[in-house]
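Below: work_1.tsv (TSV, C-alpha atoms)
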chain	number	residue	atom	x	y	z
A	8	MET	CA	26.97	82.02	68.81
A	9	GLU	CA	25.58	85.08	67.09
A	10	THR	CA	22.56	87.19	67.93
A	11	THR	CA	21.07	90.26	66.29
A	12	LEU	CA	18.34	92.75	67.15
A	13	GLY	CA	17.16	94.68	64.13
A	14	ALA	CA	19.87	96.41	62.14
A	15	PHE	CA	21.60	98.21	65.00
A	16	ALA	CA	22.54	95.69	67.69
A	17	ALA	CA	24.34	92.36	67.58
A	18	GLY	CA	26.60	90.08	69.56
A	19	VAL	CA	29.02	87.25	68.90
A	20	SER	CA	30.38	84.75	71.43
A	21	ASP	CA	33.14	82.23	70.65
A	22	ARG	CA	34.70	79.58	72.90
A	23	GLY	CA	38.17	80.52	71.65
A	24	ARG	CA	41.06	78.24	70.71
A	25	ARG	CA	41.92	76.80	74.11
A	26	ARG	CA	38.61	76.17	75.92
A	27	GLY	CA	36.42	73.12	75.47
A	28	VAL	CA	33.29	74.92	76.73
A	29	ASN	CA	32.08	78.45	76.19
A	30	ALA	CA	31.26	79.80	79.66
A	31	ASP	CA	30.39	83.27	78.31
A	32	ALA	CA	26.76	84.23	77.74
A	33	MET	CA	24.93	87.21	76.27
A	34	ALA	CA	21.41	88.56	75.95
A	35	LEU	CA	20.03	91.26	73.68
A	36	THR	CA	16.52	92.70	73.84
A	37	ALA	CA	14.56	95.95	73.61
A	38	THR	CA	11.54	97.71	75.03
A	39	GLY	CA	10.16	101.00	73.78
A	40	GLU	CA	13.09	103.23	72.85
A	41	TRP	CA	15.52	101.25	74.98
A	42	THR	CA	17.98	98.68	73.64
A	43	ILE	CA	19.33	96.32	76.31
A	44	GLY	CA	22.42	94.13	76.37
A	45	VAL	CA	23.85	91.85	79.07
A	46	VAL	CA	27.14	89.94	78.92
A	47	CYS	CA	28.45	87.51	81.54
A	48	ASP	CA	31.64	85.47	81.89
A	49	GLY	CA	31.58	82.28	83.95
A	50	VAL	CA	34.37	82.14	86.54
A	51	SER	CA	36.52	79.25	85.31
A	52	MET	CA	37.44	77.98	88.79
A	53	SER	CA	33.80	77.58	89.81
A	54	PRO	CA	31.52	74.61	89.02
A	55	ARG	CA	28.95	74.99	86.22
A	56	ALA	CA	30.35	78.37	85.31
A	57	GLU	CA	28.56	78.33	81.96
A	58	ARG	CA	25.22	77.81	83.74
A	59	ALA	CA	25.91	80.77	86.04
A	60	ALA	CA	26.60	83.04	83.07
A	61	GLN	CA	23.51	81.91	81.18
A	62	VAL	CA	21.21	82.37	84.18
A	63	ALA	CA	22.64	85.81	84.96
A	64	THR	CA	22.21	87.11	81.41
A	65	THR	CA	18.66	85.77	81.10
A	66	VAL	CA	17.48	87.07	84.47
A	67	GLY	CA	19.33	90.39	84.15
A	68	ALA	CA	17.92	91.16	80.71
A	69	ALA	CA	14.37	90.17	81.71
A	70	HIS	CA	14.39	92.41	84.79
A	71	LEU	CA	15.93	95.29	82.87
A	72	GLU	CA	13.25	95.04	80.22
A	73	ALA	CA	10.47	94.91	82.81
A	74	GLY	CA	11.88	97.81	84.82
A	75	LEU	CA	12.37	100.12	81.85
A	76	ARG	CA	8.93	99.24	80.49
A	77	ALA	CA	7.46	100.23	83.85
A	78	GLY	CA	9.22	103.61	83.73
A	79	VAL	CA	11.86	102.91	86.40
A	80	LEU	CA	14.92	105.17	86.26
A	81	PRO	CA	17.76	103.59	84.25
A	82	GLU	CA	20.17	103.50	87.21
A	83	THR	CA	17.57	101.86	89.43
A	84	ALA	CA	16.61	99.35	86.75
A	85	LEU	CA	20.27	98.39	86.26
A	86	GLU	CA	20.90	97.98	89.98
A	87	ASP	CA	17.73	95.94	90.53
A	88	ALA	CA	18.43	93.71	87.51
A	89	ALA	CA	21.98	92.98	88.70
A	90	ALA	CA	20.69	92.14	92.18
A	91	HIS	CA	18.10	89.72	90.76
A	92	ALA	CA	20.76	88.14	88.55
A	93	GLY	CA	23.00	87.70	91.57
A	94	ARG	CA	20.28	85.99	93.58
A	95	ALA	CA	19.49	83.68	90.67
A	96	VAL	CA	23.14	82.63	90.38
A	97	SER	CA	23.42	82.14	94.15
A	98	ALA	CA	20.40	79.80	94.01
A	99	LEU	CA	22.40	77.44	91.77
A	100	ALA	CA	24.89	76.63	94.54
A	101	ALA	CA	24.89	73.24	96.24
A	102	SER	CA	26.87	74.95	99.02
A	103	VAL	CA	29.09	77.98	99.49
A	104	ASP	CA	32.03	75.71	98.65
A	105	ALA	CA	30.36	74.54	95.41
A	106	ALA	CA	29.02	77.80	94.05
A	107	PRO	CA	28.72	78.62	90.33
A	108	ALA	CA	29.93	82.14	89.66
A	109	CYS	CA	30.21	84.70	86.87
A	110	THR	CA	31.00	88.32	86.13
A	111	TYR	CA	28.30	90.68	84.86
A	112	VAL	CA	28.01	93.77	82.69
A	113	ALA	CA	24.79	95.29	81.37
A	114	GLY	CA	24.24	98.26	79.11
A	115	ILE	CA	21.20	100.18	77.90
A	116	ALA	CA	20.90	102.81	75.18
A	117	GLY	CA	17.98	105.16	74.72
A	118	PRO	CA	17.08	108.69	73.64
A	119	GLU	CA	18.52	110.22	76.81
A	120	GLY	CA	21.91	108.50	76.62
A	121	ILE	CA	23.64	105.29	77.61
A	122	TRP	CA	23.97	103.57	80.99
A	123	CYS	CA	25.88	100.54	82.21
A	124	ALA	CA	26.26	98.45	85.37
A	125	TRP	CA	28.90	95.89	86.23
A	126	ILE	CA	30.25	93.42	88.76
A	127	GLY	CA	33.63	91.87	88.01
A	128	ASP	CA	35.91	92.42	85.02
A	129	SER	CA	33.58	92.25	82.04
A	130	ARG	CA	33.58	95.72	80.51
A	131	ALA	CA	31.60	98.42	78.72
A	132	TYR	CA	33.06	100.97	76.29
A	133	TRP	CA	31.72	103.93	74.35
A	134	LEU	CA	33.18	104.00	70.83
A	135	PRO	CA	31.95	107.09	68.98
A	136	ASP	CA	32.20	107.61	65.24
A	137	GLU	CA	34.21	110.73	66.01
A	138	GLY	CA	35.80	112.02	69.18
A	139	THR	CA	37.12	110.43	72.34
A	140	CYS	CA	36.55	106.74	73.09
A	141	LEU	CA	35.80	105.87	76.71
A	142	ALA	CA	36.09	102.89	79.01
A	143	LEU	CA	32.84	103.12	80.98
A	144	THR	CA	33.69	100.49	83.61
A	145	GLU	CA	36.52	99.80	86.04
A	146	ASP	CA	37.48	96.19	86.79
A	147	ASP	CA	36.66	94.76	90.19
A	148	SER	CA	40.09	93.21	90.58
A	149	GLY	CA	43.05	93.29	92.94
A	150	GLN	CA	46.60	92.00	93.01
A	151	HIS	CA	47.56	89.89	89.98
A	152	ASP	CA	44.17	90.80	88.43
A	153	ALA	CA	42.31	88.52	90.88
A	154	LEU	CA	38.57	89.19	90.94
A	155	THR	CA	37.28	91.06	93.98
A	156	ALA	CA	33.58	90.98	93.00
A	157	TRP	CA	31.38	88.52	91.11
A	158	LEU	CA	27.92	86.94	91.17
A	159	GLY	CA	27.53	83.76	93.20
A	160	ALA	CA	26.72	82.33	96.62
A	161	ASP	CA	30.35	82.79	97.70
A	162	ALA	CA	30.46	86.47	96.70
A	163	ASP	CA	30.22	89.48	98.97
A	164	ASP	CA	26.84	91.19	98.88
A	165	SER	CA	28.02	94.29	97.03
A	166	PRO	CA	25.75	96.21	94.62
A	167	ALA	CA	26.61	96.73	90.98
A	168	ARG	CA	28.39	99.93	90.11
A	169	THR	CA	26.70	102.10	87.49
A	170	ARG	CA	27.72	104.83	85.08
A	171	SER	CA	25.84	107.04	82.63
A	172	TYR	CA	27.04	108.98	79.61
A	173	ARG	CA	25.35	111.33	77.14
A	174	PRO	CA	27.05	111.10	73.75
A	175	ARG	CA	27.12	114.09	71.43
A	176	GLY	CA	26.76	111.97	68.32
A	177	PRO	CA	26.52	108.46	66.92
A	178	GLY	CA	28.66	105.51	67.94
A	179	ARG	CA	28.67	102.11	69.55
A	180	LEU	CA	28.13	100.85	73.09
A	181	LEU	CA	30.33	97.76	73.46
A	182	LEU	CA	29.88	95.10	76.15
A	183	CYS	CA	32.56	92.42	76.27
A	184	THR	CA	34.39	89.80	78.32
A	185	ASP	CA	38.08	89.62	79.17
A	186	GLY	CA	38.65	87.15	76.36
A	187	LEU	CA	38.60	90.24	74.15
A	188	THR	CA	40.15	92.85	76.42
A	189	ARG	CA	43.25	90.77	77.16
A	190	TYR	CA	44.17	91.62	73.55
A	191	LEU	CA	42.35	94.94	73.12
A	192	SER	CA	42.04	96.79	76.40
A	193	ASP	CA	42.39	100.32	75.02
A	194	ALA	CA	39.18	101.96	73.81
A	195	ASP	CA	40.85	103.62	70.82
A	196	ALA	CA	42.39	100.29	69.79
A	197	LEU	CA	38.96	98.67	69.91
A	198	ARG	CA	37.51	101.34	67.65
A	199	ALA	CA	40.43	100.97	65.25
A	200	VAL	CA	39.36	97.36	64.57
A	201	LEU	CA	35.90	98.56	63.53
A	202	THR	CA	35.80	99.93	60.02
A	203	THR	CA	32.06	100.12	59.26
A	204	PRO	CA	30.32	103.50	59.67
A	205	VAL	CA	27.26	103.86	61.90
A	206	ARG	CA	24.72	105.37	59.52
A	207	ARG	CA	21.24	104.44	58.34
A	208	SER	CA	22.66	104.48	54.80
A	209	THR	CA	25.10	101.68	55.66
A	210	PRO	CA	24.86	99.01	52.92
A	211	PRO	CA	23.41	95.59	53.80
A	212	GLY	CA	26.07	93.28	55.20
A	213	HIS	CA	27.90	96.06	57.06
A	214	GLY	CA	26.73	96.73	60.59
A	215	PRO	CA	26.95	95.63	64.22
A	216	LEU	CA	27.24	91.93	63.43
A	217	ASP	CA	30.21	92.62	61.16
A	218	ASP	CA	31.75	94.76	63.91
A	219	ALA	CA	31.28	92.04	66.53
A	220	ARG	CA	32.75	89.45	64.17
A	221	ALA	CA	35.74	91.73	63.54
A	222	LEU	CA	36.47	92.02	67.26
A	223	ILE	CA	36.13	88.28	67.82
A	224	GLY	CA	38.34	87.61	64.81
A	225	TYR	CA	41.02	89.92	66.16
A	226	ALA	CA	41.08	88.08	69.51
A	227	LEU	CA	41.17	84.69	67.81
A	228	GLY	CA	44.03	85.85	65.61
A	229	ALA	CA	45.92	87.08	68.65
A	230	GLY	CA	45.70	83.67	70.34
A	231	GLY	CA	42.10	83.17	71.51
A	232	GLN	CA	43.23	81.97	74.94
A	233	ASP	CA	39.79	82.34	76.53
A	234	ASN	CA	36.11	82.52	75.63
A	235	ILE	CA	35.40	85.76	73.76
A	236	THR	CA	32.19	87.78	73.66
A	237	ALA	CA	31.46	91.17	72.07
A	238	LEU	CA	28.02	92.77	71.95
A	239	LEU	CA	27.47	96.11	70.22
A	240	ILE	CA	24.56	98.53	70.32
A	241	HIS	CA	24.77	101.21	67.63
A	242	THR	CA	23.30	104.65	68.25
A	243	ASP	CA	22.81	107.04	65.38
A	244	ARG	CA	21.34	110.27	66.66
A	245	PRO	CA	22.47	113.15	68.87
A	246	ARG	CA	21.08	113.00	72.41
A	247	ARG	CA	18.56	115.49	73.74
A	248	GLY	CA	20.10	118.62	75.15
A	249	TYR	CA	22.85	118.90	72.54
Let me see whether you can do it: turn the structure in this file into structure tokens.
Amino acid sequence: METTLGAFAAGVSDRGRRRGVNADAMALTATGEWTIGVVCDGVSMSPRAERAAQVATTVGAAHLEAGLRAGVLPETALEDAAAHAGRAVSALAASVDAAPACTYVAGIAGPEGIWCAWIGDSRAYWLPDEGTCLALTEDDSGQHDALTAWLGADADDSPARTRSYRPRGPGRLLLCTDGLTRYLSDADALRAVLTTPVRRSTPPGHGPLDDARALIGYALGAGGQDNITALLIHTDRPRRGY
């Protein structure tokens, strides 16, 4: 699946080489000066994992859009959207022992900077044109990389963690699932795969969709063991205060 939003945001999701169903999901929308992305990864051991991921992305993006449009602070909008997404996924459960589940990461970019929120091991990265790349999230995982937080009726009622960052220049906010980061977990390595510049003068055919395709292609070439999703929001102007 591919999705685009104007010339500066796009996502690609692929079921990979070993999975019969793609249990990843993504949503991309905007309101005012805000660009919004949500990426979810269905927990493979849960029933209807793909449904959980789809519901979480749809509900999370809708509540983020509504909150930001109403002037809610970014951190509050992200926390509220994740909570609504969690309740929507919990409502899918036939019982606690038959509970669809997914991970969740959301990111927003606007004139004041970038923000993200997450539950689980789907990740957000800041990949600037120049300077230091950053992993913006920390996996909710324990021994042997087992998940310690997720969305679903069988999950603990823990709020999403949030982080903000004010870039000094242009770059890309990347949201992705572990189908990508099992092969590219280092932020600098992720940027190295991307060869297209982030500029308004970028020729047609070179932009966020090409970048997302490049990341997916790398993961497929490395084995494609799992579903793979990469969503990129390009920013092209210095933030206020710099």
Practice item. To one decimal in Å, tell me the separation between CA of Pro215 in chain A and CA of Leu158 in chain A. Key: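 Computing the Euclidean distance for CA of Pro215 in chain A and CA of Leu158 in chain A yields 28.3 Å.
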**Study point:** Spatial neighbours of range 104-115 of chain A, max dist 6 Å, all atoms listed in the file, sep filter under 3 positions, as a list in words
**Key:**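 My reading of the contact set: Thr42, Ile43, Gly44, Val45, Val46, Cys47, Asp48, Gly49, Val50, Ser53, Pro54, Arg55, Ala56, Ala59, Ala60, Ala100, Ala101, Ile121, Trp122, Cys123, Ala124, Trp125, Ile126, Gly127, Ser129, Trp157, Leu158, Gly159 and Ala160 of chain A.
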Keeping only C-alpha atoms, write the selected residues to a file as a PDB file, in the coordinates of the input.
ATOM      1  CA  THR A  42      17.980  98.680  73.640  1.00  0.00           C
ATOM      2  CA  ILE A  43      19.330  96.320  76.310  1.00  0.00           C
ATOM      3  CA  GLY A  44      22.420  94.130  76.370  1.00  0.00           C
ATOM      4  CA  VAL A  45      23.850  91.850  79.070  1.00  0.00           C
ATOM      5  CA  VAL A  46      27.140  89.940  78.920  1.00  0.00           C
ATOM      6  CA  CYS A  47      28.450  87.510  81.540  1.00  0.00           C
ATOM      7  CA  ASP A  48      31.640  85.470  81.890  1.00  0.00           C
ATOM      8  CA  GLY A  49      31.580  82.280  83.950  1.00  0.00           C
ATOM      9  CA  VAL A  50      34.370  82.140  86.540  1.00  0.00           C
ATOM     10  CA  SER A  53      33.800  77.580  89.810  1.00  0.00           C
ATOM     11  CA  PRO A  54      31.520  74.610  89.020  1.00  0.00           C
ATOM     12  CA  ARG A  55      28.950  74.990  86.220  1.00  0.00           C
ATOM     13  CA  ALA A  56      30.350  78.370  85.310  1.00  0.00           C
ATOM     14  CA  ALA A  59      25.910  80.770  86.040  1.00  0.00           C
ATOM     15  CA  ALA A  60      26.600  83.040  83.070  1.00  0.00           C
ATOM     16  CA  ALA A 100      24.890  76.630  94.540  1.00  0.00           C
ATOM     17  CA  ALA A 101      24.890  73.240  96.240  1.00  0.00           C
ATOM     18  CA  ILE A 121      23.640 105.290  77.610  1.00  0.00           C
ATOM     19  CA  TRP A 122      23.970 103.570  80.990  1.00  0.00           C
ATOM     20  CA  CYS A 123      25.880 100.540  82.210  1.00  0.00           C
ATOM     21  CA  ALA A 124      26.260  98.450  85.370  1.00  0.00           C
ATOM     22  CA  TRP A 125      28.900  95.890  86.230  1.00  0.00           C
ATOM     23  CA  ILE A 126      30.250  93.420  88.760  1.00  0.00           C
ATOM     24  CA  GLY A 127      33.630  91.870  88.010  1.00  0.00           C
ATOM     25  CA  SER A 129      33.580  92.250  82.040  1.00  0.00           C
ATOM     26  CA  TRP A 157      31.380  88.520  91.110  1.00  0.00           C
ATOM     27  CA  LEU A 158      27.920  86.940  91.170  1.00  0.00           C
ATOM     28  CA  GLY A 159      27.530  83.760  93.200  1.00  0.00           C
ATOM     29  CA  ALA A 160      26.720  82.330  96.620  1.00  0.00           C
TER      30      ALA A 160
END
Review point. Given the choices A:Arg58, A:Glu82, A:Asp147, A:Asp233, which gets closest to Ala98 in chain A if the distance is worked out from all atoms listed in the file?
Key: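 Looking only at the distances to Ala98 in chain A, the closest residue turns out to be A:Arg58.
Look at Gly120 in chain A: the protein and nucleic acid residues within 8 Å of it, using all atoms listed in the file and passing over chain neighbours fewer than 5 places away, are Ser171, Tyr172, Arg173, Pro174 and Arg246 of chain A.
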Review point. Which of these residues is nearest to Gly27 in chain A, using all atoms listed in the file: A:Arg130, A:Glu145, A:Ala219, A:Ser51?
Key: A:Ser51
Practice item. Quick one: pull the distance between CA of Val62 in chain A and CA of Asp164 in chain A, Å, one decimal. Key: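 These two atoms are separated by 18.0 Å.
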**Study point:** Atom-to-atom span, CA of Gly78 in chain A and CA of Ala167 in chain A, Å
**Key:**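 Atom-to-atom, CA of Gly78 in chain A and CA of Ala167 in chain A are spaced 20.1 Å apart.
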Exercise for review: Write out as a list in words the residues lying within 7 Å of Leu12 in chain A, counting all atoms listed in the file and excluding same-chain residues fewer than 2 positions away.
Suggested key: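 The contact residues come out as Ala14, Phe15, Ala16, Ala17, Leu35 and Thr36 of chain A.
Considering the residues A:Arg94, A:Leu227, A:Cys140, A:Ala156 and counting all atoms listed in the file, Leu197 in chain A has its shortest atom-to-atom contact with A:Cys140.
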Practice item. Rank A:Leu191, A:Leu141, A:Ala84, A:Cys183 by their smallest atom-to-atom distance to Asp21 in chain A, using all atoms listed in the file, and report the top residue only. Key: A:Cys183
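For the residues A:Asp128, A:Asp136, A:Asp217, A:Asp161, ranking by smallest atom-to-atom distance to Leu182 in chain A using all atoms listed in the file places A:Asp128 first.
With only the atoms specified (all atoms listed in the file) counting, those residues at most 10 Å away from (40.1, 93.7, 76.7) are Asp128, Ser129, Arg130, Ala131, Cys183, Thr184, Asp185, Gly186, Leu187, Thr188, Arg189, Tyr190, Leu191, Ser192, Asp193, Ala194, Ala196, Leu197, Ala226 and Ile235 of chain A.
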Taking the partial coordinates given, rebuild range 123-140 of chain A to contain N, CA, C and O atoms; return it as a JSON list (two decimals), in the frame of the given file.
[["chain", "number", "residue", "atom", "x", "y", "z"],
["A", 123, "CYS", "N", 25.38, 101.90, 82.03],
["A", 123, "CYS", "CA", 25.88, 100.54, 82.21],
["A", 123, "CYS", "C", 26.01, 100.23, 83.69],
["A", 123, "CYS", "O", 26.05, 101.13, 84.54],
["A", 124, "ALA", "N", 26.05, 98.93, 84.01],
["A", 124, "ALA", "CA", 26.26, 98.45, 85.37],
["A", 124, "ALA", "C", 27.14, 97.22, 85.28],
["A", 124, "ALA", "O", 27.07, 96.47, 84.31],
["A", 125, "TRP", "N", 27.99, 97.03, 86.30],
["A", 125, "TRP", "CA", 28.90, 95.89, 86.23],
["A", 125, "TRP", "C", 29.29, 95.37, 87.60],
["A", 125, "TRP", "O", 29.27, 96.09, 88.59],
["A", 126, "ILE", "N", 29.65, 94.09, 87.60],
["A", 126, "ILE", "CA", 30.25, 93.42, 88.76],
["A", 126, "ILE", "C", 31.30, 92.48, 88.19],
["A", 126, "ILE", "O", 30.98, 91.56, 87.43],
["A", 127, "GLY", "N", 32.56, 92.71, 88.52],
["A", 127, "GLY", "CA", 33.63, 91.87, 88.01],
["A", 127, "GLY", "C", 34.47, 92.58, 86.97],
["A", 127, "GLY", "O", 34.64, 93.80, 87.02],
["A", 128, "ASP", "N", 34.99, 91.83, 86.00],
["A", 128, "ASP", "CA", 35.91, 92.42, 85.02],
["A", 128, "ASP", "C", 35.42, 92.34, 83.59],
["A", 128, "ASP", "O", 36.20, 92.55, 82.65],
["A", 129, "SER", "N", 34.15, 92.03, 83.36],
["A", 129, "SER", "CA", 33.58, 92.25, 82.04],
["A", 129, "SER", "C", 33.32, 93.74, 81.89],
["A", 129, "SER", "O", 33.00, 94.43, 82.86],
["A", 130, "ARG", "N", 33.47, 94.27, 80.68],
["A", 130, "ARG", "CA", 33.58, 95.72, 80.51],
["A", 130, "ARG", "C", 32.56, 96.30, 79.54],
["A", 130, "ARG", "O", 32.00, 95.60, 78.71],
["A", 131, "ALA", "N", 32.39, 97.63, 79.67],
["A", 131, "ALA", "CA", 31.60, 98.42, 78.72],
["A", 131, "ALA", "C", 32.46, 99.57, 78.21],
["A", 131, "ALA", "O", 33.24, 100.16, 78.98],
["A", 132, "TYR", "N", 32.33, 99.87, 76.93],
["A", 132, "TYR", "CA", 33.06, 100.97, 76.29],
["A", 132, "TYR", "C", 32.09, 101.79, 75.45],
["A", 132, "TYR", "O", 31.13, 101.26, 74.88],
["A", 133, "TRP", "N", 32.39, 103.08, 75.33],
["A", 133, "TRP", "CA", 31.72, 103.93, 74.35],
["A", 133, "TRP", "C", 32.71, 104.21, 73.24],
["A", 133, "TRP", "O", 33.80, 104.74, 73.47],
["A", 134, "LEU", "N", 32.33, 103.84, 72.00],
["A", 134, "LEU", "CA", 33.18, 104.00, 70.83],
["A", 134, "LEU", "C", 32.46, 104.88, 69.83],
["A", 134, "LEU", "O", 31.67, 104.40, 69.01],
["A", 135, "PRO", "N", 32.67, 106.19, 69.88],
["A", 135, "PRO", "CA", 31.95, 107.09, 68.98],
["A", 135, "PRO", "C", 32.51, 107.04, 67.56],
["A", 135, "PRO", "O", 33.67, 106.66, 67.35],
["A", 136, "ASP", "N", 31.70, 107.45, 66.61],
["A", 136, "ASP", "CA", 32.20, 107.61, 65.24],
["A", 136, "ASP", "C", 33.36, 108.60, 65.21],
["A", 136, "ASP", "O", 34.35, 108.39, 64.52],
["A", 137, "GLU", "N", 33.18, 109.69, 65.94],
["A", 137, "GLU", "CA", 34.21, 110.73, 66.01],
["A", 137, "GLU", "C", 34.36, 111.16, 67.45],
["A", 137, "GLU", "O", 33.41, 111.16, 68.22],
["A", 138, "GLY", "N", 35.57, 111.54, 67.83],
["A", 138, "GLY", "CA", 35.80, 112.02, 69.18],
["A", 138, "GLY", "C", 36.45, 110.98, 70.07],
["A", 138, "GLY", "O", 36.98, 109.97, 69.60],
["A", 139, "THR", "N", 36.39, 111.22, 71.36],
["A", 139, "THR", "CA", 37.12, 110.43, 72.34],
["A", 139, "THR", "C", 36.39, 109.15, 72.71],
["A", 139, "THR", "O", 35.21, 109.17, 73.06],
["A", 140, "CYS", "N", 37.09, 108.03, 72.62],
["A", 140, "CYS", "CA", 36.55, 106.74, 73.09],
["A", 140, "CYS", "C", 36.70, 106.66, 74.61],
["A", 140, "CYS", "O", 37.65, 107.21, 75.19]]
